[in-house]
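Some notes on the structure that comes next.
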Amino acid sequence: MIWLAIILGLLGLWLWRRSNALRASTGLPWRAVVYHDTTRRELSKPLFSARYQLTGKPDYVLADGKALIPVEVKPQRQATSPRQGDILQLAAYCLLLEEATGVAPRYGLLRYAQHTFQVDWTDQLYQALIETLAIMRADLTLTEVERSHEEPWRCNACGFGDRCTDALEYD
Ligand code: SF4
């Protein structure tokens with residue numbers, strides 16, 4: 001019987017060390033995961049705000065007391081500072097969670113390949129998001145829209161490359 005207790009104790013110690021190592025490798029804080037979108041049940045239900053006509057689904061939502069923290073994971077991103085588009089995407093999730101729960105997240109988390117960034121959900125970020133949404137909606141009514149080539153590699157992988165007159169040429 002004593003051997004069984006020792007084996008169970010060692011197993012428990014191994015599992016504890018393994019979970020700590022896994023947590024450290026994600027770079028995310030140690031909080032309860034409320035939901036993450038790799039499970040089928042949650043995948044079918046993105047967040048939606050009728051007031052803002054906005055919908056979206058963060059990769060993870062972590063519990064922070066009564067508030068929730070959205071987490072967006074970009075495992076291929078190697079940057080050492082968060083990109084503006086990713087910040088705005090995370091801001092949209094903060095707004096959606098605030099709308100859904102009535103409690104504003106204090107921040108969201110952006111996880112890149114090597115770094116995790118905390119993005120505070122501030123009045124300034126809310127304003128930037130609202131202004132960006134207004135610009136995007138105005139663009140929807142345009143008949144001519146200039147292509148952005150800020151990320152040239154996208155042309156190389158784009159499915160419209162053979163029909164698009166603005167496609168960048170690759171050898
Ligand atoms: S091929 Fe055209 S549509 Fe596709 S990424 Fe390039 S510019 Fe955009």
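Residue numbering restarts at 1 in every chain; chains get A, B, ... in the order shown in the structure tokens, and ligands count up from 1 in that same order.
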
Might you pull out every residue within 7 Å of stretch 91-105 of chain A, with only C-alpha atoms counted and same-chain residues fewer than 3 positions away left off, and present them as a PDB file with N, CA and C atoms, in the first residue's frame?
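Contents of selection_33.pdb, as written:
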ATOM      1  N   LEU A  47     -19.354  35.837 -30.611  1.00  0.00           N
ATOM      2  CA  LEU A  47     -19.984  36.951 -29.912  1.00  0.00           C
ATOM      3  C   LEU A  47     -20.613  37.881 -30.938  1.00  0.00           C
ATOM      4  N   PHE A  48     -21.704  38.543 -30.553  1.00  0.00           N
ATOM      5  CA  PHE A  48     -22.371  39.459 -31.478  1.00  0.00           C
ATOM      6  C   PHE A  48     -22.933  40.644 -30.710  1.00  0.00           C
ATOM      7  N   SER A  49     -22.732  41.825 -31.269  1.00  0.00           N
ATOM      8  CA  SER A  49     -23.313  43.036 -30.694  1.00  0.00           C
ATOM      9  C   SER A  49     -24.214  43.687 -31.731  1.00  0.00           C
ATOM     10  N   GLY A  56     -17.519  38.486 -33.625  1.00  0.00           N
ATOM     11  CA  GLY A  56     -16.156  37.969 -33.590  1.00  0.00           C
ATOM     12  C   GLY A  56     -15.998  36.925 -32.515  1.00  0.00           C
ATOM     13  N   PRO A  58     -12.843  35.445 -30.066  1.00  0.00           N
ATOM     14  CA  PRO A  58     -11.435  35.336 -29.662  1.00  0.00           C
ATOM     15  C   PRO A  58     -10.994  33.886 -29.557  1.00  0.00           C
ATOM     16  N   ALA A  67     -14.835  39.916 -14.587  1.00  0.00           N
ATOM     17  CA  ALA A  67     -14.553  40.290 -15.973  1.00  0.00           C
ATOM     18  C   ALA A  67     -13.913  39.123 -16.708  1.00  0.00           C
ATOM     19  N   LEU A  68     -13.907  39.241 -18.025  1.00  0.00           N
ATOM     20  CA  LEU A  68     -13.285  38.231 -18.875  1.00  0.00           C
ATOM     21  C   LEU A  68     -12.175  38.891 -19.688  1.00  0.00           C
ATOM     22  N   ILE A  69     -11.168  38.125 -20.019  1.00  0.00           N
ATOM     23  CA  ILE A  69     -10.028  38.634 -20.786  1.00  0.00           C
ATOM     24  C   ILE A  69      -9.971  37.901 -22.118  1.00  0.00           C
ATOM     25  N   PRO A  70     -10.117  38.627 -23.238  1.00  0.00           N
ATOM     26  CA  PRO A  70      -9.971  37.944 -24.528  1.00  0.00           C
ATOM     27  C   PRO A  70      -8.493  37.707 -24.846  1.00  0.00           C
ATOM     28  N   ILE A  87      -4.144  44.815 -32.550  1.00  0.00           N
ATOM     29  CA  ILE A  87      -4.658  45.546 -31.382  1.00  0.00           C
ATOM     30  C   ILE A  87      -6.138  45.848 -31.570  1.00  0.00           C
ATOM     31  N   LEU A  88      -6.494  46.283 -32.782  1.00  0.00           N
ATOM     32  CA  LEU A  88      -7.893  46.623 -33.039  1.00  0.00           C
ATOM     33  C   LEU A  88      -8.782  45.377 -33.022  1.00  0.00           C
ATOM     34  N   GLY A 108      -6.832  42.956 -22.865  1.00  0.00           N
ATOM     35  CA  GLY A 108      -6.815  41.707 -23.622  1.00  0.00           C
ATOM     36  C   GLY A 108      -5.371  41.288 -23.806  1.00  0.00           C
ATOM     37  N   TRP A 121      -7.674  47.939 -22.269  1.00  0.00           N
ATOM     38  CA  TRP A 121      -8.934  48.340 -22.895  1.00  0.00           C
ATOM     39  C   TRP A 121      -9.308  49.722 -22.344  1.00  0.00           C
ATOM     40  N   LEU A 125      -8.601  53.476 -26.829  1.00  0.00           N
ATOM     41  CA  LEU A 125      -8.670  52.324 -27.738  1.00  0.00           C
ATOM     42  C   LEU A 125     -10.096  52.128 -28.235  1.00  0.00           C
ATOM     43  N   LEU A 129     -11.166  52.163 -32.129  1.00  0.00           N
ATOM     44  CA  LEU A 129     -11.944  51.076 -32.725  1.00  0.00           C
ATOM     45  C   LEU A 129     -13.185  51.619 -33.428  1.00  0.00           C
TER      46      LEU A 129
END

Please report, as JSON lines, each residue of chain A lying at most 10 Å from ligand 1, together with the nearest pair of atoms and the separation in Å rounded to one decimal; use only C-alpha atoms and all ligand atoms, and order rows by chain and ascending residue number.
{"residue": "A:Glu146", "atom": "CA", "partner": "ligand 1", "partner_atom_place_in_ligand_line": "7 (S)", "distance": 8.6}
{"residue": "A:Arg147", "atom": "CA", "partner": "ligand 1", "partner_atom_place_in_ligand_line": "7 (S)", "distance": 5.2}
{"residue": "A:Ser148", "atom": "CA", "partner": "ligand 1", "partner_atom_place_in_ligand_line": "7 (S)", "distance": 6.7}
{"residue": "A:His149", "atom": "CA", "partner": "ligand 1", "partner_atom_place_in_ligand_line": "7 (S)", "distance": 6.7}
{"residue": "A:Glu150", "atom": "CA", "partner": "ligand 1", "partner_atom_place_in_ligand_line": "5 (S)", "distance": 10.0}
{"residue": "A:Glu151", "atom": "CA", "partner": "ligand 1", "partner_atom_place_in_ligand_line": "5 (S)", "distance": 8.4}
{"residue": "A:Pro152", "atom": "CA", "partner": "ligand 1", "partner_atom_place_in_ligand_line": "6 (Fe)", "distance": 7.4}
{"residue": "A:Trp153", "atom": "CA", "partner": "ligand 1", "partner_atom_place_in_ligand_line": "5 (S)", "distance": 8.0}
{"residue": "A:Arg154", "atom": "CA", "partner": "ligand 1", "partner_atom_place_in_ligand_line": "5 (S)", "distance": 4.9}
{"residue": "A:Cys155", "atom": "CA", "partner": "ligand 1", "partner_atom_place_in_ligand_line": "6 (Fe)", "distance": 3.6}
{"residue": "A:Asn156", "atom": "CA", "partner": "ligand 1", "partner_atom_place_in_ligand_line": "6 (Fe)", "distance": 7.2}
{"residue": "A:Ala157", "atom": "CA", "partner": "ligand 1", "partner_atom_place_in_ligand_line": "5 (S)", "distance": 7.5}
{"residue": "A:Cys158", "atom": "CA", "partner": "ligand 1", "partner_atom_place_in_ligand_line": "4 (Fe)", "distance": 4.6}
{"residue": "A:Gly159", "atom": "CA", "partner": "ligand 1", "partner_atom_place_in_ligand_line": "4 (Fe)", "distance": 6.6}
{"residue": "A:Phe160", "atom": "CA", "partner": "ligand 1", "partner_atom_place_in_ligand_line": "4 (Fe)", "distance": 5.1}
{"residue": "A:Gly161", "atom": "CA", "partner": "ligand 1", "partner_atom_place_in_ligand_line": "1 (S)", "distance": 3.8}
{"residue": "A:Asp162", "atom": "CA", "partner": "ligand 1", "partner_atom_place_in_ligand_line": "1 (S)", "distance": 7.3}
{"residue": "A:Arg163", "atom": "CA", "partner": "ligand 1", "partner_atom_place_in_ligand_line": "1 (S)", "distance": 7.6}
{"residue": "A:Cys164", "atom": "CA", "partner": "ligand 1", "partner_atom_place_in_ligand_line": "2 (Fe)", "distance": 4.6}
{"residue": "A:Thr165", "atom": "CA", "partner": "ligand 1", "partner_atom_place_in_ligand_line": "2 (Fe)", "distance": 6.7}
{"residue": "A:Asp166", "atom": "CA", "partner": "ligand 1", "partner_atom_place_in_ligand_line": "7 (S)", "distance": 4.8}
{"residue": "A:Ala167", "atom": "CA", "partner": "ligand 1", "partner_atom_place_in_ligand_line": "1 (S)", "distance": 3.9}
{"residue": "A:Leu168", "atom": "CA", "partner": "ligand 1", "partner_atom_place_in_ligand_line": "6 (Fe)", "distance": 6.0}
{"residue": "A:Glu169", "atom": "CA", "partner": "ligand 1", "partner_atom_place_in_ligand_line": "1 (S)", "distance": 9.1}

Same residues, C-alpha atoms, saved as a compact mmCIF listing (two decimals), in the first residue's frame:
# COMPACT_ATOMS: atom_id res chain seq x y z
CA GLU A 146 -7.04 50.79 -53.83
CA ARG A 147 -5.28 47.58 -52.89
CA SER A 148 -2.96 47.73 -49.93
CA HIS A 149 0.48 46.27 -50.48
CA GLU A 150 1.67 46.82 -46.94
CA GLU A 151 2.08 43.07 -46.65
CA PRO A 152 3.39 42.10 -50.12
CA TRP A 153 3.64 38.39 -49.30
CA ARG A 154 -0.15 38.21 -49.31
CA CYS A 155 -0.22 38.53 -53.12
CA ASN A 156 1.93 35.46 -53.43
CA ALA A 157 -0.60 33.40 -51.52
CA CYS A 158 -3.78 35.07 -52.79
CA GLY A 159 -6.39 33.02 -54.63
CA PHE A 160 -7.35 36.03 -56.78
CA GLY A 161 -3.82 36.56 -58.09
CA ASP A 162 -4.65 35.40 -61.63
CA ARG A 163 -7.62 37.79 -61.93
CA CYS A 164 -6.46 40.78 -59.88
CA THR A 165 -5.01 43.67 -61.89
CA ASP A 166 -3.15 44.96 -58.80
CA ALA A 167 -1.39 41.71 -58.00
CA LEU A 168 2.31 42.03 -57.35
CA GLU A 169 4.51 40.08 -59.76

Can you tell me how far atom CA of A:Gln78 sits from atom CA of A:Val145, in Å to one decimal?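 Value for the atom CA of A:Gln78-atom CA of A:Val145 distance: 29.5 Å.
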
Give me every helix (DSSP H, G or I) residue in stretch 28-145 of chain A, going by DSSP on the backbone, as a PyMOL selection string. chain A and resi 40-43+84-101+123-140

Please compute the atom CA of A:Leu109-atom CA of A:Glu72 distance, one decimal, in Å.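 That distance, rounded to one decimal, is 6.4 Å.
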